[in-house]
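Asks: run.cif is reproduced in full below (mmCIF, C-alpha atoms).
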```
data_query
#
loop_
_atom_site.label_atom_id
_atom_site.label_comp_id
_atom_site.auth_asym_id
_atom_site.auth_seq_id
_atom_site.Cartn_x
_atom_site.Cartn_y
_atom_site.Cartn_z
CA MET A 1 91.09 95.39 89.58
CA VAL A 2 88.17 97.33 88.15
CA PHE A 3 89.21 100.27 86.00
CA VAL A 4 87.21 103.42 86.64
CA HIS A 5 86.92 105.58 83.54
CA THR A 6 84.85 108.39 85.04
CA VAL A 7 87.10 109.66 87.82
CA ARG A 8 88.85 112.88 86.97
CA SER A 9 92.35 113.86 88.09
CA PRO A 10 92.49 115.98 91.24
CA GLY A 11 94.71 118.36 89.30
CA LEU A 12 97.51 119.28 91.70
CA SER A 13 98.86 122.71 90.90
CA SER A 14 102.37 121.32 90.29
CA HIS A 15 101.16 120.06 86.84
CA ALA A 16 103.60 117.13 87.08
CA PRO A 17 102.35 114.04 85.21
CA ALA A 18 100.45 111.68 87.45
CA HIS A 19 102.30 108.53 88.46
CA VAL A 20 100.30 105.36 87.79
CA VAL A 21 100.73 103.14 90.84
CA ASP A 22 101.79 99.55 90.23
CA PRO A 23 99.42 97.25 92.18
CA ALA A 24 102.27 94.78 92.71
CA GLY A 25 104.20 97.32 94.76
CA GLY A 26 107.79 96.30 95.43
CA CYS A 27 110.74 98.15 96.91
CA PRO A 28 109.58 101.78 97.15
CA HIS A 29 112.80 103.70 97.56
CA ALA A 30 113.83 104.37 93.95
CA LEU A 31 110.30 105.47 93.07
CA ASN A 32 110.13 107.64 96.19
CA ALA A 33 113.37 109.38 95.25
CA ASP A 34 112.16 110.03 91.71
CA LEU A 35 108.82 111.46 92.80
CA ARG A 36 110.30 113.43 95.68
CA ALA A 37 112.75 115.07 93.30
CA ARG A 38 109.75 116.66 91.56
CA GLY A 39 108.25 117.97 94.78
CA PRO A 40 106.99 116.94 98.22
CA VAL A 41 103.50 116.11 96.91
CA ALA A 42 102.77 113.93 93.87
CA ASP A 43 99.69 113.36 91.76
CA ILE A 44 99.07 109.61 91.41
CA VAL A 45 96.54 107.22 89.90
CA LEU A 46 95.64 104.31 92.14
CA PRO A 47 94.73 100.82 90.92
CA GLY A 48 91.24 101.00 89.51
CA GLY A 49 91.98 104.31 87.77
CA VAL A 50 91.26 106.39 90.88
CA PRO A 51 93.20 109.67 91.05
CA ALA A 52 94.78 110.57 94.36
CA ALA A 53 97.82 112.25 95.85
CA VAL A 54 100.74 111.13 98.01
CA VAL A 55 102.72 113.36 100.39
CA LEU A 56 106.41 112.46 100.16
CA GLY A 57 108.47 115.16 101.89
CA HIS A 58 109.11 115.04 105.63
CA ASP A 59 108.07 118.61 106.40
CA ALA A 60 105.04 118.45 104.12
CA LEU A 61 103.93 115.13 105.61
CA LYS A 62 104.36 116.36 109.16
CA GLU A 63 102.21 119.40 108.37
CA PHE A 64 99.63 117.33 106.52
CA LEU A 65 99.21 114.68 109.24
CA SER A 66 98.37 117.28 111.87
CA HIS A 67 96.59 119.86 109.70
CA PRO A 68 93.19 120.96 111.09
CA ASP A 69 91.70 120.97 107.58
CA VAL A 70 92.50 117.32 106.88
CA ALA A 71 89.97 114.63 107.81
CA LYS A 72 89.95 110.84 108.10
CA ASP A 73 86.20 110.39 107.62
CA ALA A 74 85.36 109.32 104.05
CA ARG A 75 82.30 111.59 104.06
CA HIS A 76 84.77 114.28 103.01
CA CYS A 77 85.59 112.45 99.74
CA PRO A 78 82.78 113.00 97.19
CA ALA A 79 84.04 110.32 94.79
CA LEU A 80 83.60 107.66 97.48
CA ASN A 81 80.00 108.69 98.09
CA ASP A 82 78.48 109.66 94.75
CA GLY A 83 79.05 106.41 92.86
CA THR A 84 82.12 107.66 90.99
CA ILE A 85 84.29 105.07 92.73
CA PRO A 86 82.55 101.67 92.61
CA ALA A 87 81.43 99.88 95.74
CA ASP A 88 83.80 96.95 95.08
CA TRP A 89 86.96 99.06 94.75
CA PRO A 90 89.44 97.07 96.90
CA LEU A 91 90.96 100.12 98.59
CA ARG A 92 87.53 101.09 99.92
CA VAL A 93 88.32 98.95 102.97
CA PHE A 94 90.47 101.82 104.22
CA ALA A 95 87.59 104.26 103.93
CA ASP A 96 84.58 102.15 104.88
CA ALA A 97 85.80 100.61 108.15
CA GLN A 98 84.42 102.19 111.31
CA GLY A 99 86.91 102.90 114.04
CA MET A 100 89.22 105.52 115.41
CA HIS A 101 91.39 105.35 112.27
CA THR A 102 88.49 106.68 110.16
CA ALA A 103 87.00 109.08 112.73
CA ASP A 104 87.55 112.75 113.46
CA GLY A 105 87.00 115.09 116.37
CA ALA A 106 84.79 113.90 119.24
CA ASP A 107 84.18 110.49 117.63
CA HIS A 108 87.92 109.91 117.35
CA ARG A 109 88.53 110.96 120.95
CA ARG A 110 85.72 108.69 122.18
CA LEU A 111 87.02 105.64 120.31
CA ARG A 112 90.67 106.25 121.11
CA SER A 113 89.94 106.62 124.82
CA LEU A 114 88.48 103.11 124.89
CA VAL A 115 91.78 101.50 123.87
CA GLY A 116 94.34 104.12 124.86
CA ASN A 117 94.78 102.94 128.44
CA ALA A 118 95.87 99.50 127.25
CA PHE A 119 98.85 100.98 125.38
CA THR A 120 100.34 103.50 127.78
CA ALA A 121 104.05 103.13 128.42
CA ARG A 122 103.33 101.84 131.93
CA GLN A 123 100.79 99.26 130.79
CA VAL A 124 102.99 98.10 127.96
CA GLU A 125 105.98 97.68 130.27
CA ARG A 126 103.91 95.21 132.27
CA LEU A 127 103.95 93.01 129.15
CA ARG A 128 107.75 92.77 129.09
CA PRO A 129 108.02 89.42 130.92
CA ARG A 130 105.48 87.79 128.62
CA ILE A 131 107.15 89.21 125.50
CA GLU A 132 110.52 87.93 126.73
CA GLU A 133 109.00 84.51 127.40
CA LEU A 134 107.45 84.33 123.95
CA THR A 135 110.68 85.51 122.35
CA ALA A 136 112.73 82.80 124.05
CA GLY A 137 110.35 80.07 122.91
CA LEU A 138 110.27 81.35 119.34
CA LEU A 139 114.06 81.50 119.18
CA ASP A 140 114.08 77.85 120.19
CA ASP A 141 111.69 77.19 117.29
CA LEU A 142 113.85 79.15 114.88
CA GLY A 143 116.99 77.28 115.89
CA ARG A 144 115.21 73.95 115.73
CA ALA A 145 113.82 74.67 112.25
CA ALA A 146 117.29 75.59 110.98
CA ALA A 147 118.87 72.50 112.59
CA GLU A 148 116.33 70.27 110.86
CA ASP A 149 116.98 71.83 107.45
CA PRO A 150 119.81 70.27 105.39
CA ASP A 151 121.20 73.72 104.63
CA GLY A 152 120.66 75.15 108.10
CA ILE A 153 118.05 77.63 106.83
CA ALA A 154 114.81 78.82 108.45
CA ASP A 155 112.31 81.52 107.49
CA LEU A 156 112.63 84.18 110.15
CA ARG A 157 109.23 85.70 109.33
CA THR A 158 107.41 82.40 109.75
CA HIS A 159 109.20 81.24 112.88
CA PHE A 160 109.86 84.51 114.69
CA ALA A 161 108.90 87.92 113.29
CA LEU A 162 105.23 86.98 112.70
CA PRO A 163 104.29 84.81 115.70
CA LEU A 164 105.77 87.19 118.26
CA PRO A 165 103.60 90.29 117.63
CA MET A 166 100.65 88.13 116.55
CA SER A 167 100.73 86.23 119.85
CA VAL A 168 101.02 89.42 121.89
CA ILE A 169 98.15 91.31 120.22
CA CYS A 170 95.90 88.22 120.20
CA GLU A 171 96.51 87.64 123.89
CA LEU A 172 95.67 91.29 124.53
CA LEU A 173 92.45 90.92 122.55
CA GLY A 174 91.53 87.52 123.93
CA VAL A 175 91.79 85.72 120.58
CA ASP A 176 92.15 81.95 120.86
CA PRO A 177 95.26 80.46 119.17
CA GLU A 178 93.14 78.46 116.72
CA HIS A 179 92.09 81.66 114.91
CA ARG A 180 95.46 83.37 114.62
CA GLY A 181 96.76 81.86 111.40
CA ARG A 182 93.57 82.60 109.50
CA LEU A 183 93.40 86.12 110.91
CA HIS A 184 96.86 86.87 109.54
CA ASP A 185 95.96 85.50 106.10
CA LEU A 186 92.79 87.57 105.98
CA THR A 187 94.29 90.81 107.24
CA TYR A 188 97.12 90.47 104.72
CA THR A 189 94.62 90.06 101.88
CA VAL A 190 92.36 92.88 103.06
CA ILE A 191 94.90 95.46 104.20
CA ILE A 192 98.41 94.74 102.91
CA ALA A 193 98.22 93.11 99.48
CA THR A 194 97.33 95.61 96.75
CA ASP A 195 97.37 93.34 93.70
CA THR A 196 94.11 91.65 94.69
CA THR A 197 90.85 91.56 92.74
CA PRO A 198 87.64 93.10 94.05
CA ALA A 199 86.15 89.63 94.48
CA GLU A 200 89.11 88.44 96.55
CA VAL A 201 88.98 91.47 98.82
CA MET A 202 85.21 91.36 99.28
CA ALA A 203 85.32 87.66 100.18
CA ALA A 204 88.17 88.22 102.64
CA VAL A 205 86.37 91.18 104.23
CA ARG A 206 83.22 89.14 104.73
CA GLU A 207 85.14 86.26 106.29
CA LEU A 208 87.19 88.60 108.48
CA VAL A 209 84.09 90.37 109.79
CA GLU A 210 82.43 87.01 110.50
CA LEU A 211 85.50 85.70 112.31
CA LEU A 212 85.85 88.84 114.40
CA GLY A 213 82.16 88.58 115.21
CA THR A 214 82.71 85.00 116.38
CA ILE A 215 85.59 86.12 118.59
CA ALA A 216 83.52 88.98 120.03
CA ALA A 217 80.61 86.60 120.71
CA ALA A 218 82.93 84.25 122.59
CA ARG A 219 84.20 87.11 124.75
CA ARG A 220 80.65 88.34 125.31
CA ALA A 221 79.63 84.87 126.52
CA ALA A 222 82.74 84.42 128.67
CA PRO A 223 84.33 87.81 129.45
CA GLY A 224 87.98 87.81 130.43
CA ASP A 225 90.79 90.16 131.33
CA ASP A 226 91.30 91.23 127.72
CA LEU A 227 90.74 94.27 125.53
CA THR A 228 87.82 92.80 123.57
CA SER A 229 85.91 92.08 126.76
CA ALA A 230 86.63 95.63 127.94
CA LEU A 231 85.37 97.08 124.65
CA ILE A 232 82.19 95.00 124.86
CA ALA A 233 81.62 96.10 128.45
CA ALA A 234 82.08 99.73 127.49
CA ARG A 235 79.55 99.33 124.70
CA GLU A 236 76.97 97.60 126.87
CA ASP A 237 77.44 99.89 129.86
CA GLY A 238 77.16 103.08 127.88
CA GLY A 239 74.79 101.91 125.19
CA ASP A 240 76.00 104.46 122.66
CA ARG A 241 79.72 104.40 123.39
CA LEU A 242 80.62 101.76 120.84
CA SER A 243 78.43 100.41 118.04
CA GLU A 244 78.77 96.83 116.83
CA ALA A 245 80.43 98.08 113.63
CA GLU A 246 82.84 100.19 115.69
CA LEU A 247 83.63 97.18 117.89
CA ILE A 248 84.51 95.03 114.87
CA GLY A 249 86.38 97.93 113.23
CA THR A 250 88.41 98.55 116.37
CA MET A 251 89.26 94.86 116.73
CA ARG A 252 90.34 94.77 113.08
CA LEU A 253 92.50 97.84 113.50
CA MET A 254 94.15 96.45 116.63
CA LEU A 255 94.88 93.13 114.94
CA VAL A 256 96.35 94.65 111.79
CA ALA A 257 98.31 97.45 113.41
CA GLY A 258 99.29 95.16 116.27
CA HIS A 259 101.08 92.58 114.18
CA GLU A 260 101.52 93.41 110.47
CA THR A 261 103.58 96.54 111.11
CA THR A 262 105.76 95.00 113.82
CA LEU A 263 106.28 91.93 111.65
CA ASN A 264 107.67 94.21 108.93
CA LEU A 265 109.66 96.29 111.40
CA ILE A 266 111.48 93.26 112.81
CA SER A 267 112.03 91.80 109.34
CA ASN A 268 113.39 95.07 107.95
CA ALA A 269 115.70 95.59 110.91
CA VAL A 270 117.15 92.10 110.53
CA ARG A 271 117.68 92.66 106.82
CA ALA A 272 119.37 95.99 107.51
CA LEU A 273 121.70 94.59 110.17
CA CYS A 274 122.62 91.54 108.10
CA THR A 275 123.56 93.72 105.14
CA HIS A 276 125.31 96.33 107.31
CA ARG A 277 127.49 94.20 109.57
CA ASP A 278 129.44 97.26 110.69
CA GLN A 279 126.26 98.69 112.17
CA LEU A 280 125.45 95.40 113.89
CA ALA A 281 128.98 95.40 115.37
CA LEU A 282 128.38 98.87 116.83
CA VAL A 283 125.34 97.60 118.69
CA LEU A 284 126.94 94.36 119.85
CA ASP A 285 129.93 96.40 121.09
CA GLY A 286 127.66 98.72 123.07
CA LYS A 287 128.33 101.78 120.89
CA ALA A 288 124.65 102.02 119.91
CA THR A 289 121.47 100.64 121.39
CA TRP A 290 118.74 98.37 120.09
CA SER A 291 116.39 101.32 120.41
CA ASP A 292 118.69 103.14 117.99
CA VAL A 293 118.32 100.24 115.57
CA VAL A 294 114.53 100.37 115.82
CA ASP A 295 114.35 104.12 115.17
CA GLU A 296 116.82 104.04 112.30
CA THR A 297 114.92 101.16 110.71
CA LEU A 298 111.65 103.05 111.10
CA ARG A 299 113.26 106.01 109.34
CA TRP A 300 115.34 104.21 106.70
CA ASP A 301 113.05 101.32 105.78
CA GLY A 302 109.78 101.71 107.65
CA PRO A 303 107.15 98.95 107.74
CA VAL A 304 104.48 101.02 105.97
CA SER A 305 105.13 102.71 102.63
CA TRP A 306 102.12 104.71 101.37
CA PHE A 307 99.14 104.54 103.70
CA PRO A 308 95.53 105.50 102.75
CA PHE A 309 93.56 107.79 103.33
CA ARG A 310 93.10 111.36 104.47
CA TYR A 311 90.97 114.02 102.77
CA PRO A 312 91.46 117.82 102.68
CA THR A 313 88.25 119.53 103.75
CA ARG A 314 89.19 122.52 101.58
CA ASP A 315 91.69 123.17 98.80
CA LEU A 316 94.95 122.76 100.71
CA ALA A 317 98.27 124.42 99.81
CA LEU A 318 101.08 122.08 100.79
CA GLY A 319 104.71 122.01 99.71
CA GLY A 320 104.15 124.36 96.79
CA THR A 321 101.14 122.47 95.42
CA VAL A 322 97.42 122.67 96.03
CA ILE A 323 95.59 119.46 96.86
CA PRO A 324 91.93 119.93 95.90
CA GLN A 325 89.24 119.45 98.51
CA GLY A 326 88.07 115.86 98.85
CA THR A 327 91.11 114.25 97.18
CA PRO A 328 92.06 110.89 98.71
CA VAL A 329 95.61 111.34 99.97
CA LEU A 330 98.16 108.74 101.02
CA ALA A 331 100.88 109.36 103.62
CA GLY A 332 104.27 108.51 102.09
CA TYR A 333 106.09 107.30 105.19
CA THR A 334 108.98 105.53 103.43
CA ALA A 335 109.51 108.57 101.21
CA ALA A 336 109.61 111.02 104.12
CA GLY A 337 112.08 108.78 105.95
CA ARG A 338 114.72 109.29 103.26
CA ASP A 339 114.00 112.93 102.51
CA GLU A 340 117.43 114.54 102.09
CA ALA A 341 115.98 117.99 102.74
CA PHE A 342 115.28 116.92 106.32
CA HIS A 343 117.59 113.99 107.11
CA GLY A 344 120.63 115.27 105.22
CA PRO A 345 122.48 114.28 102.04
CA ASP A 346 123.21 110.78 103.41
CA ALA A 347 119.57 109.99 104.11
CA ASP A 348 119.89 106.81 102.03
CA ARG A 349 122.54 105.44 104.41
CA PHE A 350 121.61 103.12 107.28
CA ASP A 351 123.38 104.55 110.34
CA VAL A 352 122.35 103.51 113.85
CA THR A 353 124.37 106.40 115.31
CA ARG A 354 122.57 109.01 113.20
CA PRO A 355 121.54 112.03 115.28
CA GLY A 356 117.82 112.67 115.07
CA SER A 357 116.74 109.27 113.76
CA ALA A 358 113.87 109.33 116.22
CA ARG A 359 112.37 112.31 114.40
CA HIS A 360 110.89 110.01 111.76
CA LEU A 361 107.15 110.00 111.08
CA SER A 362 106.59 106.25 110.85
CA PHE A 363 104.22 106.29 113.82
CA GLY A 364 102.35 109.28 112.40
CA GLN A 365 101.88 112.74 113.84
CA GLY A 366 99.19 114.63 115.67
CA VAL A 367 95.98 113.20 117.15
CA HIS A 368 96.22 110.02 115.06
CA TYR A 369 99.74 109.19 116.29
CA CYS A 370 99.95 105.39 116.57
CA VAL A 371 98.44 104.35 119.89
CA GLY A 372 100.45 101.11 119.78
CA ALA A 373 103.86 102.74 119.32
CA PRO A 374 105.13 101.83 122.84
CA LEU A 375 104.19 98.18 122.29
CA ALA A 376 105.81 98.03 118.85
CA ARG A 377 109.03 99.54 120.21
CA LEU A 378 109.15 97.11 123.14
CA GLU A 379 108.49 94.05 120.97
CA ALA A 380 111.06 95.06 118.36
CA THR A 381 113.83 95.94 120.81
CA ILE A 382 113.38 92.71 122.78
CA ALA A 383 113.15 90.65 119.58
CA LEU A 384 116.30 92.09 118.01
CA GLU A 385 118.40 92.03 121.17
CA ARG A 386 117.52 88.43 121.99
CA LEU A 387 117.83 87.29 118.36
CA PHE A 388 121.36 88.59 117.82
CA THR A 389 122.48 87.69 121.33
CA ARG A 390 121.38 84.11 120.72
CA PHE A 391 122.58 83.99 117.10
CA PRO A 392 125.30 86.65 116.60
CA ASP A 393 126.35 85.02 113.31
CA LEU A 394 122.82 85.06 111.89
CA ASP A 395 122.84 86.06 108.23
CA LEU A 396 120.64 86.06 105.17
CA ALA A 397 120.52 82.75 103.33
CA VAL A 398 120.11 84.42 99.93
CA PRO A 399 121.30 87.78 98.57
CA GLU A 400 119.14 90.59 99.85
CA ALA A 401 118.16 91.64 96.32
CA GLU A 402 116.65 88.19 95.70
CA LEU A 403 114.24 88.26 98.63
CA PRO A 404 110.61 88.27 97.44
CA ARG A 405 108.97 91.64 98.10
CA GLN A 406 105.48 92.08 99.48
CA ARG A 407 102.89 92.52 96.73
CA SER A 408 101.98 95.92 98.07
CA PHE A 409 102.52 99.65 97.87
CA ILE A 410 101.12 99.91 101.41
CA GLY A 411 103.22 97.39 103.31
CA ASN A 412 106.99 97.61 102.93
CA SER A 413 108.92 94.43 103.52
CA VAL A 414 109.62 90.98 102.09
CA GLU A 415 107.28 88.00 101.97
CA ALA A 416 109.90 85.57 103.24
CA LEU A 417 113.17 86.01 105.10
CA PRO A 418 115.31 82.86 104.89
CA VAL A 419 118.23 83.07 107.30
CA ARG A 420 121.01 80.90 108.64
CA PRO A 421 120.96 81.44 112.39
CA VAL A 422 124.39 79.86 112.72
CA CYS A 423 127.47 80.24 110.52
CA PRO A 424 127.55 77.19 108.17
CA VAL A 425 131.04 76.14 109.23
CA ARG A 426 129.75 75.60 112.75
CA LEU A 427 126.82 73.44 111.79
CA SER A 428 128.87 70.24 111.49
CA GLY A 429 130.05 70.09 115.10
CA ALA A 430 128.24 69.58 118.36
CA LEU A 431 125.98 72.56 118.71
CA SER A 432 123.40 73.62 121.24
CA LEU A 433 120.74 75.79 119.65
#
```
What would you get if you wrote out this structure as structure tokens?

Replies:
Amino acid sequence: MVFVHTVRSPGLSSHAPAHVVDPAGGCPHALNADLRARGPVADIVLPGGVPAAVVLGHDALKEFLSHPDVAKDARHCPALNDGTIPADWPLRVFADAQGMHTADGADHRRLRSLVGNAFTARQVERLRPRIEELTAGLLDDLGRAAAEDPDGIADLRTHFALPLPMSVICELLGVDPEHRGRLHDLTYTVIIATDTTPAEVMAAVRELVELLGTIAAARRAAPGDDLTSALIAAREDGGDRLSEAELIGTMRLMLVAGHETTLNLISNAVRALCTHRDQLALVLDGKATWSDVVDETLRWDGPVSWFPFRYPTRDLALGGTVIPQGTPVLAGYTAAGRDEAFHGPDADRFDVTRPGSARHLSFGQGVHYCVGAPLARLEATIALERLFTRFPDLDLAVPEAELPRQRSFIGNSVEALPVRPVCPVRLSGALSL
């Protein structure tokens, strides 16, 4: 990544030394605990030498996410607009995209209203039969892949956790199956991976925009009962309701948020249950619900670690520090999830019976609360229930500590999740998968 020598530290009033962020990411929890012990807000230096801040404490993050003097529009960050931060800085993709995730006020309300109706609890519930159908087919694929492997191993991310949410969001958007694999590769490079070079990110952004444009053109030529067609119709009917850049930005947001986060959520929940068999037993015995598992996973090991960006529109006092106006700030979701000051002294413990697990912030807070939260919950609960009902002996095929982590400080999960769906001793006999 390009190193920027001219950007000055935002100078948080805590005077704690700035943490230099590792582009390769990795498991965030030890780092979160160390930084959180110094205070709920930390001064950091992002890859490329760009100073920023991260909000780590639950109460501080909750206040920050809904604060009226915090904006999403990059116009409020001078360093992104005056040439201080170069145009090819890879993390610019989070600031430069046009959509509801980078809009404020009336613009945000306008853009959110165009997609909000597709993700209401009632509309999402109508998707249950299709999600259940997809889940059943993917479990067949998972079992078949394991049966064909000499050691009875299959990658749960490849065969289950990825194709389920990817299929659902692409069907909602009207994306043909032929594009889905490439879309995942591109969105991972552009949004999730943080050890990429400027050239890699710029090339992926260009290809992603072109591919989304191709998809939009296909829906424009042959409209269907899908969200992309509805967005195009809204743009053409109103003229000024949705620009072409906003259309592509909204499609990109829906694709990324609609599958990358749920992919990590399902993966992290499976890892947690496989390494906490007592907690899995509680659910299988009916002493906790799959919804409890989802919420505790979102709190304990959420799918997004530190997410960019928000910008204070004035010097902002938060958690005993002052974040200077215009500082790019990341939301430390994984850190807030294990904040002992809010979740108690056992916040590091995975407990599906924990009171108040649902009070996590993994879906955000305030007007930018995740519009797709009902869909993510439904997909994850169906996926986990059907997975462990079909394969109650499912376990990790390698020690949890040896699983390869995502190369990211934004995404929080593993890159592969090899599992044995069936206990090895049972693989030798007649078995119906």

Asks: Using all atoms listed in the file, can you tell me which of A:Pro23, A:Gly320, A:Pro163, A:Pro68 comes closest to His259 (chain A)?

Replies: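 Ranking A:Pro23, A:Gly320, A:Pro163, A:Pro68 by distance to His259 (chain A), first place goes to A:Pro163.
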
Asks: Tell me, as a ChimeraX atom specification, which residues lie within 10 Å of Ala145 (chain A), counting all atoms listed in the file; anything in the same chain fewer than 2 positions away does not count.

Replies: /A:139-143,147-149,152-156,159,421

Asks: Translate the PyMOL selection byres ((chain A and resi 284-295) around 7), as applied to the file shown, into an explicit residue set as a list in words.

Replies: Ala269, Leu280, Ala281, Leu282, Val283, Glu296, Thr297, Leu298, Arg299, Val352, Thr353, Ser357, Ala358, Ala380, Thr381 and Glu385 of chain A

Asks: Output C-alpha atoms of each residue in that selection to a file, as a short mmCIF file (atom, residue, chain, number, x, y, z; two decimals), in the frame of the given file.

Replies:
```cif
data_model
loop_
_atom_site.label_atom_id
_atom_site.label_comp_id
_atom_site.auth_asym_id
_atom_site.auth_seq_id
_atom_site.Cartn_x
_atom_site.Cartn_y
_atom_site.Cartn_z
CA ALA A 269 115.70 95.59 110.91
CA LEU A 280 125.45 95.40 113.89
CA ALA A 281 128.98 95.40 115.37
CA LEU A 282 128.38 98.87 116.83
CA VAL A 283 125.34 97.60 118.69
CA GLU A 296 116.82 104.04 112.30
CA THR A 297 114.92 101.16 110.71
CA LEU A 298 111.65 103.05 111.10
CA ARG A 299 113.26 106.01 109.34
CA VAL A 352 122.35 103.51 113.85
CA THR A 353 124.37 106.40 115.31
CA SER A 357 116.74 109.27 113.76
CA ALA A 358 113.87 109.33 116.22
CA ALA A 380 111.06 95.06 118.36
CA THR A 381 113.83 95.94 120.81
CA GLU A 385 118.40 92.03 121.17
#
```

Asks: One decimal, Å: what's the distance from CA of Val21 (chain A) over to CA of His67 (chain A), could you say?

Replies: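 Rounded to one decimal, the two atoms are 25.5 Å apart.
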
Asks: Between A:Asp88, A:Asp69, A:Glu133, A:Asp195, which residue has the minimum interatomic distance to Leu46 (chain A), considering all atoms listed in the file?

Replies: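 Among the listed residues, A:Asp195 lies closest to Leu46 (chain A).
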
Asks: Any idea what's packed within 7 Å of Pro303 (chain A), counting all atoms listed in the file, ignoring anything in its chain fewer than 4 positions away? Could you give it as a list in words?

Replies: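 Residues meeting the cut-off are Thr261, Asn264, Leu265, Leu298, Gly411, Asn412 and Ser413 of chain A.
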
Asks: Specify as JSON, numbers by chain each residue included when the PyMOL selection byres ((chain A and resi 230) around 12) is applied to this file.

Replies: {"A": [113, 114, 115, 116, 117, 118, 172, 173, 174, 216, 219, 220, 222, 223, 224, 225, 226, 227, 228, 229, 231, 232, 233, 234, 235, 236, 237, 242, 247, 251]}
